[in-house]
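Written out below as structure tokens is the structure these notes cover.
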Amino acid sequence: MNALRFAPAPIVVKGTLVRRTMLASAVAAVTAAALVFGAVAPAHAETDSVSYAAPAYQRGELTGDAKVDRDDLTVLMTAVGRKAGDPGWDAVAAADADQDGAITVTDVAALSKQFVYDDDPFELQETDVVAIQKAMTAGTLTSQELTAQYLRRIAAYDRAAGLDPRDPDAALESIIATNPTAMAEAAALDAERAATGPRSVLHGIPVIAKDNINLAGLATTAGCACLADNVTSTDAEAITRLKAMGAIVIAKANLSEFAMSTVVSNSSYGNTKNAYGFDLPPGGSSGGTGASVSANLGAVGLGTDTGGSVRVPSSYNALVGVRPTVGLVSREGVLPLDEYRDTIGPMTRTVSDAALTLDALAGAAPGEHAIAPEAFRKPLSYATSLDSNALQGVRVGYLVDRGPTDAQTGDFQLVAAARADLEAAGATVVDIASFDPVGGGRMEDIHGSKTFTHGVDVYLDTYYRPGYTFADLAQKVTDAEAAGHPLSSWPAEVVREFASTTTEDREAAYGPFRAGQKAVQDRIDQLMRENDLDALIYPSTGAPDLLSGFNNLISAASGYPAISVLMGAADVDLPEGTILGIHRGLEFLGAPYAEDRLMGFAYAYEQQTHHRQAPSLFPDLPTEP
Amino acid sequence: MPRLRSRWLVLLLSTIAATALLGSVAPAAIAAESSPSLRATLSDTDGASGDPVALDLGVTGATDLYAATVRVTYDTDRVVLDPAAVTSDFPGMFSVSGVEGAIDFTVTRLGTSSGRAGDVPLGSLGFVAKGPGEALLRIDEVTIIDSALVGTTLTPAIGLSYTVAPSSSVPEPSAPGAPPTISVTGQGSGVSRGGDTTFRGSAPQSSAAPTATSPRITASSLTPRVGETITLTARGLTPDAAYRVGLDSDSILLGEVTADETGSFVLAATIPETAPTGEHEIIVLSRGLAVTTLPITIRAADGAASAPPSSASPSVGAAGVTNEATADAAPVSADSTSALVWALIAVIVLLGAAAIVLMRRRFRRAEGDDGGRG
């Protein structure tokens, strides 16, 4: 556990702009080609359309470029009237949608529906990546127009009081800063699309990233004003990969300062609220991403998850949140919290968007501290799993002791409805009485790795200032607080405590941490094996109140992947009265690198239920003259 | 032969012809005014060999036209299709397929674009006059597909007459054997195109200034032991408002308190004996909503080991139902001990297990974060 252990790979440590550019180009060339075309672009490939690998968009694809577009329609439309047995039938047989042995206009229409294209007026509210690509391919939307719309919404809504009559003095406070180069990036991407076509399905897509993820040229604060001058010259690896696919980071999102809390998202830059009501829980620590994406201030979002920080705010803000297997997504360039458990995950309004974002984020090989590296796999696209029938014949284990009791009427009914929906979608729900004991103890007693101090030391030395330590930063916070100008939302003594873990403490914590991690892994493996399960399910926020609960730790402590998808909203009874309409996620947890299967389960459940409704507090802005 | 015609006359005549023949359309296709029907017009009624003539096609009364195919048959000794003269304004793609004399003109919208309504032009098929005589262009079948991929078949039985005048030149005879295959595709000129990507709107930048108004809480010890009483000090709260203070959860209540007129409170809180060890949060709640938190590390009580979980596989009953009392019981060494000691140990174990079960029931509603944070 020396310093180099957590340092980024040599190619990115304090990489020069040139080296970054080279890496970006390489990733763009390799990843985009692999994702969009496979190894080699086929002869028929159109350049102005994108590939969306969901099965519903691939049926009858004829030209071998993994996308239905004009090329495929040209082949099929000139075959109208052709019948089975006619010359050339084999070339079009796959597009005989109604399987009547003849190519008719019905087959043409069915194939055309799979073209990622739509020339109807673009609707920003609740749009998704594929809908954006449809509009851009049809020429009714540019990335500049979309980026500007989101920037205007951020300016109009994020810091405005009076939006929520139940809490008229409050504001959403989800964004720390917008990216001043976003519009220029969008313009360049629009020009590139016009000249050579889109790089991928993420071309021109506006992204909101949590502000503990490095974005070159803009400060990465982790929510602490003590890092307001932490302007890195490089992007985090995850950002590099997104940009290589054509995405644009338009804003950095607020968070629980130093990503510490799963309950709140308070920082030097404000206290983030829930997008559905400013008196509702936002969750943490990626609450800024959760609230902003839910409020339609960006297309997709990035969070980080150490103990639940993607899934808790996703649950409360009615989003899909993915915590990938540790090792699937590089954490390079992220201000760390726990080097063995930190992950970066998508936070999106749909499962499809989560899959497409994870396509860009996931690495080609297991990363540092990867769980079960021998099992590493990455599909061509996670979108290939987006099948409405993915729950057919699947067995999921419901953790009864992680769910509500019948005394929690609203949540209990929510879970009962979710179980019924899963079964209606073809799954078998198996009751698991108790997840505990874990290694003979309680999940509550599982310890972290105590690598926070060391990780921040390495981060600051690498990106902020050579030789600068977390202790130096804590002293800066202490001095500022003494001078009456606090730089942290945490009291200075708390920041000093963050920075105080010694090497001896850290090394002593490793053994117990690994033992706890293995105990949780063993317990999951055991339950899956003995009950012949494909996934475990439980409410993403398991507490009977408005707090995060403890369920999110199962994935965090094991390193196994989990995805939270909206289960609905329920009323919660508290000592002070009943709180109406708390959104709850249903979490699917699976084996290492089973993100593709989990995406399928979550997608089938989402398509079965369609629970998400847009928040009402952030309507369309007036159209600019 | 001089061409004594004007555009209005041609259109009138051809429309009359089409309308007359519509009388033989299947009753269902014309039963209601709102039902879609085919509109077909020829640009001319007569011409000489080599003259162009265009067949314009459209659908009237459409409500949701996503795609359509029109089957056109004609006498190939009189006219032939001019592939270069097939055009369409339909916002999508079009094609002509089949063989000379029996062709399908097909249009489709693209992707999830909505279907068209009202009077929908489909396109124009250009022909070239060939041999002398009357060429009858017939349209006996039209299929319309809506956005939900539901099809409607019309049988308009339209016949449009075009007369080719005799010519001094001998027309090229049709080649023997199978008629030539027709294959034409194109993009409708009504398709929207990107083109200009110049952006002229506004794109305001936003940046939040640091704020010093966040509520805060701190403690006399950030690493308390189980059972230890610590002093919690909070400020930046709403003056005179009531708060609950919990450990990880509202259910592990450390105290209830009212902020003073400055928005501060001081609370002596004891870490419960049953509290989990490790990294956790003290949470200040107002009407169930956390307003601020404090990360703390709870240590085991003096003299007690903060035992991490072992990696031993726990016992699990059939179908994953765990025997909690057995599984939670502390392991007992198997060294040789007197019967009295064994009995004592057994009593302690049983009491311990019972206590744990009771605690677990109590904490079933009190799950809280976290053996880790964030």
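Following the order of the structure tokens, first chain is A, next is B, and so on, with residues numbered from 1 inside each chain and ligands from 1 in the order they appear.
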Checklist line | Those in region 354-387 of chain A with helix (DSSP H, G or I) from DSSP, as a VMD selection string | finding: chain A and resid 354 to 361 373 to 375 382 to 385
Selected residues, N, CA and C atoms, written as a tab-separated table (two decimals), in the first residue's frame, please.
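Output contents, as saved in part-v3.tsv:
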chain	number	residue	atom	x	y	z
A	354	ALA	N	-28.20	4.57	-18.92
A	354	ALA	CA	-27.17	4.02	-18.03
A	354	ALA	C	-26.28	3.04	-18.80
A	355	ALA	N	-26.89	2.21	-19.62
A	355	ALA	CA	-26.12	1.23	-20.39
A	355	ALA	C	-25.18	1.93	-21.37
A	356	LEU	N	-25.68	2.94	-22.04
A	356	LEU	CA	-24.85	3.62	-23.05
A	356	LEU	C	-23.72	4.41	-22.39
A	357	THR	N	-23.99	4.96	-21.22
A	357	THR	CA	-22.93	5.67	-20.50
A	357	THR	C	-21.88	4.70	-20.00
A	358	LEU	N	-22.33	3.57	-19.49
A	358	LEU	CA	-21.38	2.58	-19.00
A	358	LEU	C	-20.53	2.02	-20.14
A	359	ASP	N	-21.08	1.96	-21.33
A	359	ASP	CA	-20.28	1.54	-22.49
A	359	ASP	C	-19.00	2.37	-22.60
A	360	ALA	N	-19.17	3.68	-22.40
A	360	ALA	CA	-18.01	4.55	-22.52
A	360	ALA	C	-17.10	4.44	-21.31
A	361	LEU	N	-17.69	4.29	-20.13
A	361	LEU	CA	-16.89	4.31	-18.90
A	361	LEU	C	-16.06	3.05	-18.71
A	373	PRO	N	-10.66	-10.44	-10.93
A	373	PRO	CA	-10.19	-10.02	-12.26
A	373	PRO	C	-10.26	-11.12	-13.31
A	374	GLU	N	-10.20	-12.36	-12.86
A	374	GLU	CA	-10.26	-13.46	-13.82
A	374	GLU	C	-11.63	-13.55	-14.48
A	375	ALA	N	-12.63	-12.94	-13.85
A	375	ALA	CA	-13.99	-12.98	-14.41
A	375	ALA	C	-14.31	-11.75	-15.25
A	382	TYR	N	-23.46	-2.64	-23.50
A	382	TYR	CA	-24.44	-3.05	-22.49
A	382	TYR	C	-25.86	-2.92	-23.03
A	383	ALA	N	-26.02	-2.15	-24.08
A	383	ALA	CA	-27.35	-2.00	-24.68
A	383	ALA	C	-27.84	-3.30	-25.30
A	384	THR	N	-26.93	-4.23	-25.60
A	384	THR	CA	-27.38	-5.50	-26.16
A	384	THR	C	-28.25	-6.26	-25.17
A	385	SER	N	-28.21	-5.87	-23.91
A	385	SER	CA	-29.01	-6.56	-22.88
A	385	SER	C	-30.38	-5.93	-22.70
Margin query: I need the strand (DSSP E) residues of region 69-196 of chain B per DSSP on the backbone, written as a ChimeraX atom specification.
Written below: /B:69-73,79-81,93-99,102-108,116-129,133-145,151-154,158-165,181-187
Item checked: Spatial neighbours of region 419-428 of chain A, 6 Å, only C-alpha atoms, chain gap at least 6 places, as a VMD selection string -> chain A and resid 391 to 395
Atoms to include: N, CA and C atoms. Write the selected residues as a compact mmCIF listing (two decimals), in the first residue's frame.
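Below is the file that was written, result-v1.txt:
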# COMPACT_ATOMS: atom_id res chain seq x y z
N LEU A 391 -36.42 -10.67 -18.06
CA LEU A 391 -36.74 -11.29 -16.77
C LEU A 391 -37.43 -12.65 -16.93
N GLN A 392 -37.70 -13.03 -18.16
CA GLN A 392 -38.35 -14.32 -18.37
C GLN A 392 -37.46 -15.46 -17.87
N GLY A 393 -37.99 -16.26 -16.95
CA GLY A 393 -37.25 -17.41 -16.45
C GLY A 393 -36.15 -17.09 -15.46
N VAL A 394 -36.08 -15.84 -15.05
CA VAL A 394 -35.02 -15.43 -14.12
C VAL A 394 -35.48 -15.63 -12.68
N ARG A 395 -34.55 -16.02 -11.82
CA ARG A 395 -34.86 -16.17 -10.39
C ARG A 395 -34.13 -15.07 -9.62
Check: Excluding same-chain residues fewer than 3 positions from Tyr157 (chain A), what lies within 8 Å of it counting only C-alpha atoms, as a count of residues only?
Finding: 7
Item checked: Nearest to Tyr117 (chain A), chosen from B:Leu154, B:Ala178, B:Ile144, B:Val191, with only C-alpha atoms counted in the distances ->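 Comparing B:Leu154, B:Ala178, B:Ile144, B:Val191 against Tyr117 (chain A), the winner is B:Val191.
Computed from the coordinates, the CA of Ala188 (chain A) to CA of Ile205 (chain A) distance equals 12.8 Å.
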Note to self: So that I can check the surroundings of Ser49 (chain B), please list as number ranges by chain every protein, DNA and RNA residue that reaches within 10 Å of it, counting only C-alpha atoms and ignoring chain neighbours fewer than 2 positions away.
What the structure shows: B: 46-47, 51-52, 78-79, 128-132, 163-171
Could you turn the residues from that selection into a file that holds C-alpha atoms, as a PDB file, in the first residue's frame?
ATOM      1  CA  ASP B  46     -51.387  11.717 -74.959  1.00  0.00           C
ATOM      2  CA  GLY B  47     -48.010  12.139 -76.488  1.00  0.00           C
ATOM      3  CA  ASP B  51     -42.340  12.016 -74.653  1.00  0.00           C
ATOM      4  CA  PRO B  52     -42.240  12.042 -70.879  1.00  0.00           C
ATOM      5  CA  ARG B  78     -46.705   1.729 -74.753  1.00  0.00           C
ATOM      6  CA  VAL B  79     -44.749   3.280 -71.884  1.00  0.00           C
ATOM      7  CA  VAL B 128     -41.487   7.624 -71.377  1.00  0.00           C
ATOM      8  CA  ALA B 129     -43.900   7.030 -74.219  1.00  0.00           C
ATOM      9  CA  LYS B 130     -42.841   4.109 -76.349  1.00  0.00           C
ATOM     10  CA  GLY B 131     -45.074   2.403 -78.903  1.00  0.00           C
ATOM     11  CA  PRO B 132     -48.297   3.760 -80.455  1.00  0.00           C
ATOM     12  CA  THR B 163     -52.358   7.549 -75.804  1.00  0.00           C
ATOM     13  CA  VAL B 164     -49.140   7.350 -77.720  1.00  0.00           C
ATOM     14  CA  ALA B 165     -49.413   8.657 -81.230  1.00  0.00           C
ATOM     15  CA  PRO B 166     -48.017   6.696 -84.156  1.00  0.00           C
ATOM     16  CA  SER B 167     -44.523   7.715 -85.104  1.00  0.00           C
ATOM     17  CA  SER B 168     -42.450   7.465 -88.228  1.00  0.00           C
ATOM     18  CA  SER B 169     -39.684   5.921 -86.249  1.00  0.00           C
ATOM     19  CA  VAL B 170     -40.034   2.305 -85.314  1.00  0.00           C
ATOM     20  CA  PRO B 171     -39.972   1.815 -81.580  1.00  0.00           C
TER      21      PRO B 171
END
Next item on the list: Please provide the set of residues having any atom within 9 Å of Tyr560 (chain A), restricted to only C-alpha atoms, with same-chain residues fewer than 6 positions apart removed, written as a ChimeraX atom specification.
Entry: /A:323-326,371,521,554,589-594
Give me, as a PDB file with C-alpha atoms, in the first residue's frame, all polymer residues having an atom no more than 9 Å from Gly263 (chain B), counting only C-alpha atoms and skipping those fewer than 3 positions away in the same chain.
ATOM      1  CA  PRO B 215     -25.666  24.071   9.407  1.00  0.00           C
ATOM      2  CA  ALA B 234     -24.650  22.417  16.413  1.00  0.00           C
ATOM      3  CA  ARG B 235     -25.106  25.822  14.844  1.00  0.00           C
ATOM      4  CA  GLY B 236     -26.487  27.384  11.716  1.00  0.00           C
ATOM      5  CA  LEU B 237     -29.888  25.850  12.385  1.00  0.00           C
ATOM      6  CA  THR B 238     -33.308  27.476  12.335  1.00  0.00           C
ATOM      7  CA  PRO B 239     -33.760  29.414  15.608  1.00  0.00           C
ATOM      8  CA  ASP B 240     -36.187  27.882  18.076  1.00  0.00           C
ATOM      9  CA  ALA B 241     -36.822  24.875  15.813  1.00  0.00           C
ATOM     10  CA  THR B 258     -34.693  22.684  20.391  1.00  0.00           C
ATOM     11  CA  ALA B 259     -32.286  25.184  18.871  1.00  0.00           C
ATOM     12  CA  ASP B 260     -31.883  28.463  20.722  1.00  0.00           C
TER      13      ASP B 260
END
